[in-house]
$ cat query-v5.pdb   # PDB, C-alpha atoms and all ligand atoms
ATOM      1  CA  MET A  10     -15.413 132.476  65.884
ATOM      2  CA  ALA A  11     -15.745 134.410  62.614
ATOM      3  CA  ASP A  12     -18.984 134.995  60.662
ATOM      4  CA  ASP A  13     -20.664 131.592  60.452
ATOM      5  CA  GLU A  14     -17.511 129.560  61.278
ATOM      6  CA  ALA A  15     -16.219 128.480  64.653
ATOM      7  CA  VAL A  16     -13.112 126.508  65.571
ATOM      8  CA  LEU A  17     -13.549 124.181  68.525
ATOM      9  CA  ALA A  18     -10.472 122.597  70.123
ATOM     10  CA  LEU A  19     -10.942 119.551  72.305
ATOM     11  CA  ARG A  20      -8.255 118.051  74.518
ATOM     12  CA  VAL A  21      -8.192 114.351  73.671
ATOM     13  CA  ALA A  22      -5.643 113.243  76.282
ATOM     14  CA  GLY A  23      -5.639 113.684  80.047
ATOM     15  CA  ARG A  24      -2.222 115.364  79.843
ATOM     16  CA  PRO A  25      -1.833 118.242  77.317
ATOM     17  CA  LEU A  26       0.103 116.938  74.308
ATOM     18  CA  HIS A  27       2.584 119.845  74.437
ATOM     19  CA  ARG A  28       3.798 118.616  77.844
ATOM     20  CA  ARG A  29       6.329 116.075  76.628
ATOM     21  CA  PRO A  30       7.713 113.767  79.314
ATOM     22  CA  TYR A  31      11.241 114.211  77.897
ATOM     23  CA  ARG A  32      11.324 117.974  78.311
ATOM     24  CA  ALA A  33      12.158 118.474  81.950
ATOM     25  CA  HIS A  34      14.479 121.402  81.143
ATOM     26  CA  SER A  35      14.166 124.385  78.832
ATOM     27  CA  VAL A  36      16.150 127.520  77.982
ATOM     28  CA  PRO A  37      14.962 131.026  77.026
ATOM     29  CA  GLY A  38      13.587 130.661  73.500
ATOM     30  CA  SER A  39      12.897 126.915  73.762
ATOM     31  CA  VAL A  40      10.459 125.833  71.057
ATOM     32  CA  HIS A  41       6.956 124.633  71.875
ATOM     33  CA  PRO A  42       7.191 120.853  71.283
ATOM     34  CA  PRO A  43       4.196 120.641  68.875
ATOM     35  CA  LEU A  44       5.825 123.320  66.693
ATOM     36  CA  ALA A  45       9.102 121.387  66.826
ATOM     37  CA  ALA A  46       7.235 118.220  65.760
ATOM     38  CA  ALA A  47       5.651 120.094  62.820
ATOM     39  CA  LEU A  48       9.042 121.413  61.713
ATOM     40  CA  VAL A  49      10.530 117.905  61.818
ATOM     41  CA  ARG A  50       7.654 116.527  59.703
ATOM     42  CA  LEU A  51       7.849 119.337  57.153
ATOM     43  CA  ALA A  52      11.606 118.796  56.890
ATOM     44  CA  GLY A  53      10.912 115.171  55.934
ATOM     45  CA  VAL A  54      13.260 113.707  58.523
ATOM     46  CA  GLU A  55      13.417 109.911  58.344
ATOM     47  CA  PRO A  56      15.080 107.278  60.523
ATOM     48  CA  GLY A  57      18.646 106.736  59.366
ATOM     49  CA  MET A  58      19.215 110.388  58.504
ATOM     50  CA  THR A  59      21.884 112.512  60.177
ATOM     51  CA  VAL A  60      20.228 115.554  61.738
ATOM     52  CA  LEU A  61      22.058 118.585  63.142
ATOM     53  CA  ASP A  62      20.823 121.470  65.268
ATOM     54  CA  PRO A  63      23.691 124.007  65.398
ATOM     55  CA  CYS A  64      21.943 126.162  68.080
ATOM     56  CA  CYS A  65      20.285 123.290  69.932
ATOM     57  CA  GLY A  66      19.421 124.953  73.248
ATOM     58  CA  ALA A  67      17.494 122.421  75.341
ATOM     59  CA  GLY A  68      17.318 120.141  72.298
ATOM     60  CA  THR A  69      13.600 120.275  71.506
ATOM     61  CA  LEU A  70      13.954 120.088  67.701
ATOM     62  CA  LEU A  71      16.280 117.081  67.917
ATOM     63  CA  LEU A  72      14.222 115.375  70.614
ATOM     64  CA  GLU A  73      11.200 115.463  68.290
ATOM     65  CA  SER A  74      13.290 113.992  65.471
ATOM     66  CA  PRO A  75      14.282 110.449  64.490
ATOM     67  CA  GLY A  76      17.746 109.714  63.121
ATOM     68  CA  LEU A  77      21.298 110.294  64.314
ATOM     69  CA  ARG A  78      20.891 113.517  66.284
ATOM     70  CA  LEU A  79      23.786 115.951  66.655
ATOM     71  CA  GLY A  80      23.462 119.027  68.840
ATOM     72  CA  VAL A  81      25.778 122.052  68.981
ATOM     73  CA  ASP A  82      25.443 125.125  71.186
ATOM     74  CA  ALA A  83      27.751 127.919  72.337
ATOM     75  CA  SER A  84      26.252 127.803  75.851
ATOM     76  CA  LEU A  85      27.353 125.140  78.320
ATOM     77  CA  ASP A  86      24.162 125.706  80.335
ATOM     78  CA  ALA A  87      22.033 124.998  77.236
ATOM     79  CA  LEU A  88      24.018 121.821  76.534
ATOM     80  CA  ALA A  89      23.488 120.680  80.130
ATOM     81  CA  CYS A  90      19.712 121.099  79.597
ATOM     82  CA  ALA A  91      19.844 119.160  76.322
ATOM     83  CA  ARG A  92      21.791 116.365  78.028
ATOM     84  CA  ALA A  93      19.334 116.262  80.933
ATOM     85  CA  ASN A  94      16.481 116.036  78.394
ATOM     86  CA  GLY A  95      18.071 112.904  76.905
ATOM     87  CA  LEU A  96      20.390 113.930  74.069
ATOM     88  CA  ALA A  97      23.873 112.392  73.951
ATOM     89  CA  ALA A  98      25.814 113.663  70.925
ATOM     90  CA  LEU A  99      26.393 117.258  72.023
ATOM     91  CA  THR A 100      29.263 119.616  71.225
ATOM     92  CA  HIS A 101      30.180 122.985  72.730
ATOM     93  CA  ALA A 102      30.992 125.060  69.655
ATOM     94  CA  ASP A 103      30.159 128.127  67.594
ATOM     95  CA  ALA A 104      27.514 127.623  64.917
ATOM     96  CA  GLY A 105      29.573 130.010  62.811
ATOM     97  CA  HIS A 106      32.462 127.510  62.768
ATOM     98  CA  LEU A 107      30.886 124.078  63.034
ATOM     99  CA  PRO A 108      33.144 121.121  63.857
ATOM    100  CA  VAL A 109      31.154 119.026  61.361
ATOM    101  CA  ALA A 110      32.413 117.539  58.079
ATOM    102  CA  THR A 111      31.386 119.166  54.800
ATOM    103  CA  GLY A 112      28.443 117.431  53.081
ATOM    104  CA  SER A 113      27.791 115.047  55.989
ATOM    105  CA  VAL A 114      24.325 116.086  57.217
ATOM    106  CA  ASP A 115      20.880 115.227  55.764
ATOM    107  CA  ARG A 116      18.870 117.800  57.690
ATOM    108  CA  VAL A 117      19.699 120.935  59.650
ATOM    109  CA  LEU A 118      16.934 121.917  62.079
ATOM    110  CA  VAL A 119      17.419 125.264  63.752
ATOM    111  CA  ASN A 120      15.785 127.983  65.811
ATOM    112  CA  PRO A 121      18.683 130.465  65.945
ATOM    113  CA  PRO A 122      18.963 133.475  68.282
ATOM    114  CA  TRP A 123      16.908 136.379  66.913
ATOM    115  CA  GLY A 124      18.478 139.034  69.165
ATOM    116  CA  ARG A 125      15.204 139.531  71.044
ATOM    117  CA  GLN A 126      14.737 136.954  73.789
ATOM    118  CA  VAL A 127      18.082 135.246  73.045
ATOM    119  CA  GLU A 128      21.288 137.029  71.982
ATOM    120  CA  ALA A 129      23.769 135.520  69.558
ATOM    121  CA  ARG A 130      27.074 134.483  71.085
ATOM    122  CA  ALA A 131      30.575 133.853  69.765
ATOM    123  CA  GLY A 132      30.933 134.113  65.955
ATOM    124  CA  LEU A 133      27.212 134.678  65.323
ATOM    125  CA  ALA A 134      27.312 137.850  67.446
ATOM    126  CA  THR A 135      29.425 139.624  64.824
ATOM    127  CA  SER A 136      28.646 137.533  61.719
ATOM    128  CA  PRO A 137      25.103 136.085  61.901
ATOM    129  CA  ALA A 138      25.277 135.065  58.222
ATOM    130  CA  ARG A 139      27.993 132.535  59.155
ATOM    131  CA  LEU A 140      25.178 130.259  60.370
ATOM    132  CA  TRP A 141      23.822 129.950  56.826
ATOM    133  CA  TYR A 142      27.250 129.575  55.257
ATOM    134  CA  GLU A 143      27.984 126.720  57.644
ATOM    135  CA  THR A 144      24.517 125.198  57.162
ATOM    136  CA  GLY A 145      25.094 125.093  53.403
ATOM    137  CA  ARG A 146      28.562 123.636  53.879
ATOM    138  CA  VAL A 147      27.595 120.732  56.165
ATOM    139  CA  LEU A 148      24.450 119.718  54.227
ATOM    140  CA  ARG A 149      24.675 116.928  51.652
ATOM    141  CA  PRO A 150      23.889 118.068  48.092
ATOM    142  CA  ASP A 151      20.307 116.760  48.464
ATOM    143  CA  GLY A 152      20.041 118.018  52.052
ATOM    144  CA  LEU A 153      17.529 120.458  53.487
ATOM    145  CA  ALA A 154      17.394 122.917  56.358
ATOM    146  CA  ALA A 155      14.258 123.793  58.330
ATOM    147  CA  ALA A 156      14.321 126.927  60.468
ATOM    148  CA  LEU A 157      12.129 129.129  62.656
ATOM    149  CA  LEU A 158      12.914 132.706  61.666
ATOM    150  CA  PRO A 159      11.645 136.286  61.927
ATOM    151  CA  GLU A 160      11.996 136.680  58.145
ATOM    152  CA  PRO A 161      11.440 134.277  55.206
ATOM    153  CA  GLU A 162      14.847 134.712  53.541
ATOM    154  CA  VAL A 163      18.455 134.164  54.637
ATOM    155  CA  SER A 164      21.723 134.903  52.914
ATOM    156  CA  GLY A 165      23.339 132.168  50.852
ATOM    157  CA  LEU A 166      20.511 129.601  50.857
ATOM    158  CA  ARG A 167      17.396 129.338  48.705
ATOM    159  CA  THR A 168      13.975 129.527  50.380
ATOM    160  CA  LYS A 169      11.915 126.583  49.113
ATOM    161  CA  THR A 170       8.902 127.239  51.338
ATOM    162  CA  ALA A 171       8.093 129.902  53.916
ATOM    163  CA  MET A 172       5.031 129.374  56.100
ATOM    164  CA  PRO A 173       3.801 132.319  58.167
ATOM    165  CA  ILE A 174       3.276 131.351  61.796
ATOM    166  CA  ARG A 175       3.175 133.109  65.155
ATOM    167  CA  ILE A 176       5.619 132.428  67.964
ATOM    168  CA  ALA A 177       4.731 133.857  71.367
ATOM    169  CA  GLY A 178       2.241 136.104  69.585
ATOM    170  CA  ARG A 179       4.780 137.511  67.114
ATOM    171  CA  PRO A 180       4.788 136.950  63.353
ATOM    172  CA  ALA A 181       7.452 134.468  62.271
ATOM    173  CA  PHE A 182       8.147 131.935  59.534
ATOM    174  CA  LEU A 183       8.776 128.229  59.333
ATOM    175  CA  VAL A 184      11.216 128.157  56.431
ATOM    176  CA  LEU A 185      12.588 125.269  54.366
ATOM    177  CA  LEU A 186      15.977 126.135  52.855
ATOM    178  CA  ALA A 187      18.198 124.375  50.336
TER     179      ALA A 187
HETATM  180  C1  LIG B   1      16.274 130.192  70.557
HETATM  181  S1  LIG B   1      17.504 129.268  71.393
HETATM  182  C2  LIG B   1      17.246 127.621  70.778
HETATM  183  C3  LIG B   1      16.192 126.920  71.547
HETATM  184  C4  LIG B   1      16.071 125.462  71.213
HETATM  185  N1  LIG B   1      15.559 125.240  69.875
HETATM  186  C5  LIG B   1      15.183 124.767  72.238
HETATM  187  O1  LIG B   1      14.079 124.315  71.892
HETATM  188  O2  LIG B   1      15.559 124.754  73.419
HETATM  189  C6  LIG B   1      18.993 129.708  70.545
HETATM  190  C7  LIG B   1      20.225 129.000  71.051
HETATM  191  O3  LIG B   1      21.331 129.462  70.258
HETATM  192  C8  LIG B   1      22.469 129.416  71.086
HETATM  193  N2  LIG B   1      23.519 130.210  70.467
HETATM  194  C9  LIG B   1      23.692 131.552  70.470
HETATM  195  N3  LIG B   1      24.792 131.881  69.761
HETATM  196  C10 LIG B   1      25.324 130.721  69.295
HETATM  197  C11 LIG B   1      26.467 130.393  68.504
HETATM  198  N4  LIG B   1      27.289 131.326  68.031
HETATM  199  N5  LIG B   1      26.696 129.090  68.242
HETATM  200  C12 LIG B   1      25.879 128.117  68.715
HETATM  201  N6  LIG B   1      24.805 128.369  69.486
HETATM  202  C13 LIG B   1      24.522 129.646  69.754
HETATM  203  C14 LIG B   1      21.989 129.916  72.432
HETATM  204  O4  LIG B   1      22.851 129.504  73.461
HETATM  205  C15 LIG B   1      20.576 129.258  72.499
HETATM  206  O5  LIG B   1      20.640 128.039  73.193
END
$ encode --input "query-v5.pdb" --output "structure tokens"
Amino acid sequence: MADDEAVLALRVAGRPLHRRPYRAHSVPGSVHPPLAAALVRLAGVEPGMTVLDPCCGAGTLLLESPGLRLGVDASLDALACARANGLAALTHADAGHLPVATGSVDRVLVNPPWGRQVEARAGLATSPARLWYETGRVLRPDGLAAALLPEPEVSGLRTKTAMPIRIAGRPAFLVLLA
């Protein structure tokens, strides 16, 4: 409540909408499903698109997305969670050296390690900017990336939109990059 305005939230379903039946497994840093759904909508993902999450964790961003969904993660445990949650096209690899063809992806959706709750592994541990180089490489010329980040800018890609949000109480940004 502020001044003469109040925000009232009503639960409209018996089961809270953030409790998705698909998400039986999560990893440290797993995205809240409603935030993942918002990111997918803002990224303009449509059926028929090829969608990649190069740090897929338990797969929440992809599981909220239509299209051909490709997940990559450097952790075998994370990939096992994503598989148990229902994803099939999963690859154990470094997001800094993606085994994905140049210009083959319509949308990259990503919630990379920020070095707080989740540490970067493999190539991203020493060269975090490799994620953005590889994102730019695999995207089609008219492609778009949508990311959850602690800052609104990344190296090598242009910020189209940066929306301030809070994740687990901390300031963050939902960023669209091209
Ligand atoms: C914040 S979590 C992603 C959570 C995911 N969006 C979800 O909802 O479950 C970041 C992920 O990046 C992965 N990761 C860290 N370094 C990586 C690298 N070099 N290449 C690929 N994945 C990496 C971690 O294993 C972790 O699963």
$ atom_distance --input "query-v5.pdb" --atom1 "CA of Val60 in chain A" --atom2 "CA of Gly178 in chain A"
28.4 Å
$ residues_around --input "query-v5.pdb" --residues "range 160-165 of chain A" --least-positions-apart "3" --cutoff "7 Å" --atoms "all atoms listed in the file" --output "count of residues only"
8
$ closest_atom_pairs --input "query-v5.pdb" --of "chain A" --to "ligand LIG 1 (chain B)" --cutoff "7 Å" --atoms "all atoms listed in the file" --output "Markdown table"
| residue | atom | partner | partner_atom | distance |
| --- | --- | --- | --- | --- |
| A:Ser35 | CA | B:LIG1 | O2 | 5.6 |
| A:Val36 | CA | B:LIG1 | O2 | 5.4 |
| A:Pro37 | CA | B:LIG1 | S1 | 6.4 |
| A:Gly38 | CA | B:LIG1 | C1 | 4.0 |
| A:Ser39 | CA | B:LIG1 | O1 | 3.4 |
| A:Val40 | CA | B:LIG1 | O1 | 4.0 |
| A:Pro63 | CA | B:LIG1 | C12 | 5.7 |
| A:Cys64 | CA | B:LIG1 | N6 | 3.9 |
| A:Cys65 | CA | B:LIG1 | C4 | 4.9 |
| A:Gly66 | CA | B:LIG1 | O5 | 3.3 |
| A:Ala67 | CA | B:LIG1 | O2 | 3.6 |
| A:Gly68 | CA | B:LIG1 | O2 | 5.1 |
| A:Thr69 | CA | B:LIG1 | O1 | 4.1 |
| A:Leu70 | CA | B:LIG1 | N1 | 5.8 |
| A:Val81 | CA | B:LIG1 | C12 | 6.1 |
| A:Asp82 | CA | B:LIG1 | N6 | 3.7 |
| A:Ala83 | CA | B:LIG1 | C12 | 4.1 |
| A:Ser84 | CA | B:LIG1 | O4 | 4.5 |
| A:Ala87 | CA | B:LIG1 | O5 | 5.2 |
| A:Ala102 | CA | B:LIG1 | C12 | 6.0 |
| A:Asp103 | CA | B:LIG1 | N5 | 3.7 |
| A:Ala104 | CA | B:LIG1 | N5 | 3.7 |
| A:Gly105 | CA | B:LIG1 | N4 | 5.8 |
| A:Val119 | CA | B:LIG1 | N1 | 6.4 |
| A:Asn120 | CA | B:LIG1 | N1 | 4.9 |
| A:Pro121 | CA | B:LIG1 | C6 | 4.7 |
| A:Pro122 | CA | B:LIG1 | C6 | 4.4 |
| A:Val127 | CA | B:LIG1 | C1 | 5.9 |
| A:Glu128 | CA | B:LIG1 | C9 | 6.2 |
| A:Ala129 | CA | B:LIG1 | N3 | 3.8 |
| A:Arg130 | CA | B:LIG1 | N3 | 3.7 |
| A:Ala131 | CA | B:LIG1 | N4 | 4.5 |
| A:Gly132 | CA | B:LIG1 | N4 | 5.0 |
| A:Leu133 | CA | B:LIG1 | N4 | 4.3 |
| A:Ala134 | CA | B:LIG1 | N4 | 6.6 |
$ atom_distance --input "query-v5.pdb" --atom1 "CA of Asp13 in chain A" --atom2 "CA of Arg179 in chain A"
27.0 Å
$ resolve_selection --input "query-v5.pdb" --expression "the PyMOL selection byres (((chain A and resi 145-150) around 10) and not hetatm)" --output "list of chain:residue names"
A:Thr59, A:Val60, A:Leu61, A:Leu107, A:Pro108, A:Val109, A:Ala110, A:Thr111, A:Gly112, A:Ser113, A:Val114, A:Asp115, A:Arg116, A:Val117, A:Arg139, A:Leu140, A:Trp141, A:Tyr142, A:Glu143, A:Thr144, A:Asp151, A:Gly152, A:Leu153, A:Ala154, A:Gly165, A:Leu166, A:Arg167, A:Leu186, A:Ala187
$ write_last_selection --input "query-v5.pdb" --atoms "C-alpha atoms" --output "mmCIF file, in the frame of the given file"
data_model
loop_
_atom_site.group_PDB
_atom_site.id
_atom_site.type_symbol
_atom_site.label_atom_id
_atom_site.label_comp_id
_atom_site.auth_asym_id
_atom_site.auth_seq_id
_atom_site.Cartn_x
_atom_site.Cartn_y
_atom_site.Cartn_z
ATOM 1 C CA THR A 59 21.884 112.512 60.177
ATOM 2 C CA VAL A 60 20.228 115.554 61.738
ATOM 3 C CA LEU A 61 22.058 118.585 63.142
ATOM 4 C CA LEU A 107 30.886 124.078 63.034
ATOM 5 C CA PRO A 108 33.144 121.121 63.857
ATOM 6 C CA VAL A 109 31.154 119.026 61.361
ATOM 7 C CA ALA A 110 32.413 117.539 58.079
ATOM 8 C CA THR A 111 31.386 119.166 54.800
ATOM 9 C CA GLY A 112 28.443 117.431 53.081
ATOM 10 C CA SER A 113 27.791 115.047 55.989
ATOM 11 C CA VAL A 114 24.325 116.086 57.217
ATOM 12 C CA ASP A 115 20.880 115.227 55.764
ATOM 13 C CA ARG A 116 18.870 117.800 57.690
ATOM 14 C CA VAL A 117 19.699 120.935 59.650
ATOM 15 C CA ARG A 139 27.993 132.535 59.155
ATOM 16 C CA LEU A 140 25.178 130.259 60.370
ATOM 17 C CA TRP A 141 23.822 129.950 56.826
ATOM 18 C CA TYR A 142 27.250 129.575 55.257
ATOM 19 C CA GLU A 143 27.984 126.720 57.644
ATOM 20 C CA THR A 144 24.517 125.198 57.162
ATOM 21 C CA ASP A 151 20.307 116.760 48.464
ATOM 22 C CA GLY A 152 20.041 118.018 52.052
ATOM 23 C CA LEU A 153 17.529 120.458 53.487
ATOM 24 C CA ALA A 154 17.394 122.917 56.358
ATOM 25 C CA GLY A 165 23.339 132.168 50.852
ATOM 26 C CA LEU A 166 20.511 129.601 50.857
ATOM 27 C CA ARG A 167 17.396 129.338 48.705
ATOM 28 C CA LEU A 186 15.977 126.135 52.855
ATOM 29 C CA ALA A 187 18.198 124.375 50.336
#
$ resolve_selection --input "query-v5.pdb" --expression "the PyMOL selection byres (((chain A and resi 55) around 12) and not hetatm)" --output "number ranges by chain"
A: 49-54, 56-60, 73-78, 115-116
$ residues_around --input "query-v5.pdb" --residues "Leu118 in chain A" --least-positions-apart "5" --cutoff "6 Å" --atoms "only C-alpha atoms" --output "number ranges by chain"
A: 62, 154-156
$ atom_distance --input "query-v5.pdb" --atom1 "CA of Ile174 in chain A" --atom2 "CA of Ala46 in chain A"
14.3 Å
$ resolve_selection --input "query-v5.pdb" --expression "the PyMOL selection byres (((chain A and resi 29) around 12) and not hetatm)" --output "list in words"
Arg24, Pro25, Leu26, His27, Arg28, Pro30, Tyr31, Arg32, Ala33, His34, Ser35, Val40, His41, Pro42, Pro43, Ala45, Ala46, Thr69, Leu72, Glu73 and Asn94 of chain A
$ closest_residue --input "query-v5.pdb" --among "A:Leu48, A:Arg125, A:Ser136, A:Leu85" --to "Thr170 in chain A" --atoms "only C-alpha atoms"
A:Leu48
$ closest_residue --input "query-v5.pdb" --among "A:Leu71, A:Pro180, A:Gly23, A:Thr100" --to "Leu88 in chain A" --atoms "only C-alpha atoms"
A:Thr100
$ decode --input "query-v5.pdb" --residues "range 28-55 of chain A" --atoms "C-alpha atoms" --output "PDB file, in the first residue's frame"
ATOM      1  CA  ARG A  28       4.063 -24.588  -9.118  1.00  0.00           C
ATOM      2  CA  ARG A  29       4.338 -26.073 -12.590  1.00  0.00           C
ATOM      3  CA  PRO A  30       3.615 -29.800 -12.811  1.00  0.00           C
ATOM      4  CA  TYR A  31       6.636 -30.263 -15.116  1.00  0.00           C
ATOM      5  CA  ARG A  32       9.175 -28.899 -12.660  1.00  0.00           C
ATOM      6  CA  ALA A  33       9.844 -31.789 -10.339  1.00  0.00           C
ATOM      7  CA  HIS A  34      13.580 -30.987 -10.217  1.00  0.00           C
ATOM      8  CA  SER A  35      15.517 -27.755  -9.844  1.00  0.00           C
ATOM      9  CA  VAL A  36      19.144 -26.663  -9.474  1.00  0.00           C
ATOM     10  CA  PRO A  37      20.676 -23.776  -7.490  1.00  0.00           C
ATOM     11  CA  GLY A  38      19.688 -20.644  -9.407  1.00  0.00           C
ATOM     12  CA  SER A  39      16.657 -22.208 -11.125  1.00  0.00           C
ATOM     13  CA  VAL A  40      14.340 -19.497 -12.431  1.00  0.00           C
ATOM     14  CA  HIS A  41      10.879 -18.943 -10.980  1.00  0.00           C
ATOM     15  CA  PRO A  42       8.578 -20.338 -13.711  1.00  0.00           C
ATOM     16  CA  PRO A  43       6.405 -17.179 -14.049  1.00  0.00           C
ATOM     17  CA  LEU A  44       9.569 -15.128 -14.666  1.00  0.00           C
ATOM     18  CA  ALA A  45      10.698 -17.707 -17.231  1.00  0.00           C
ATOM     19  CA  ALA A  46       7.285 -17.443 -18.944  1.00  0.00           C
ATOM     20  CA  ALA A  47       7.589 -13.627 -19.055  1.00  0.00           C
ATOM     21  CA  LEU A  48      11.068 -13.856 -20.576  1.00  0.00           C
ATOM     22  CA  VAL A  49       9.823 -16.257 -23.262  1.00  0.00           C
ATOM     23  CA  ARG A  50       6.937 -13.905 -24.149  1.00  0.00           C
ATOM     24  CA  LEU A  51       9.154 -10.822 -24.271  1.00  0.00           C
ATOM     25  CA  ALA A  52      11.597 -12.704 -26.498  1.00  0.00           C
ATOM     26  CA  GLY A  53       8.739 -13.304 -28.950  1.00  0.00           C
ATOM     27  CA  VAL A  54       9.302 -17.044 -29.181  1.00  0.00           C
ATOM     28  CA  GLU A  55       6.901 -18.715 -31.612  1.00  0.00           C
TER      29      GLU A  55
END
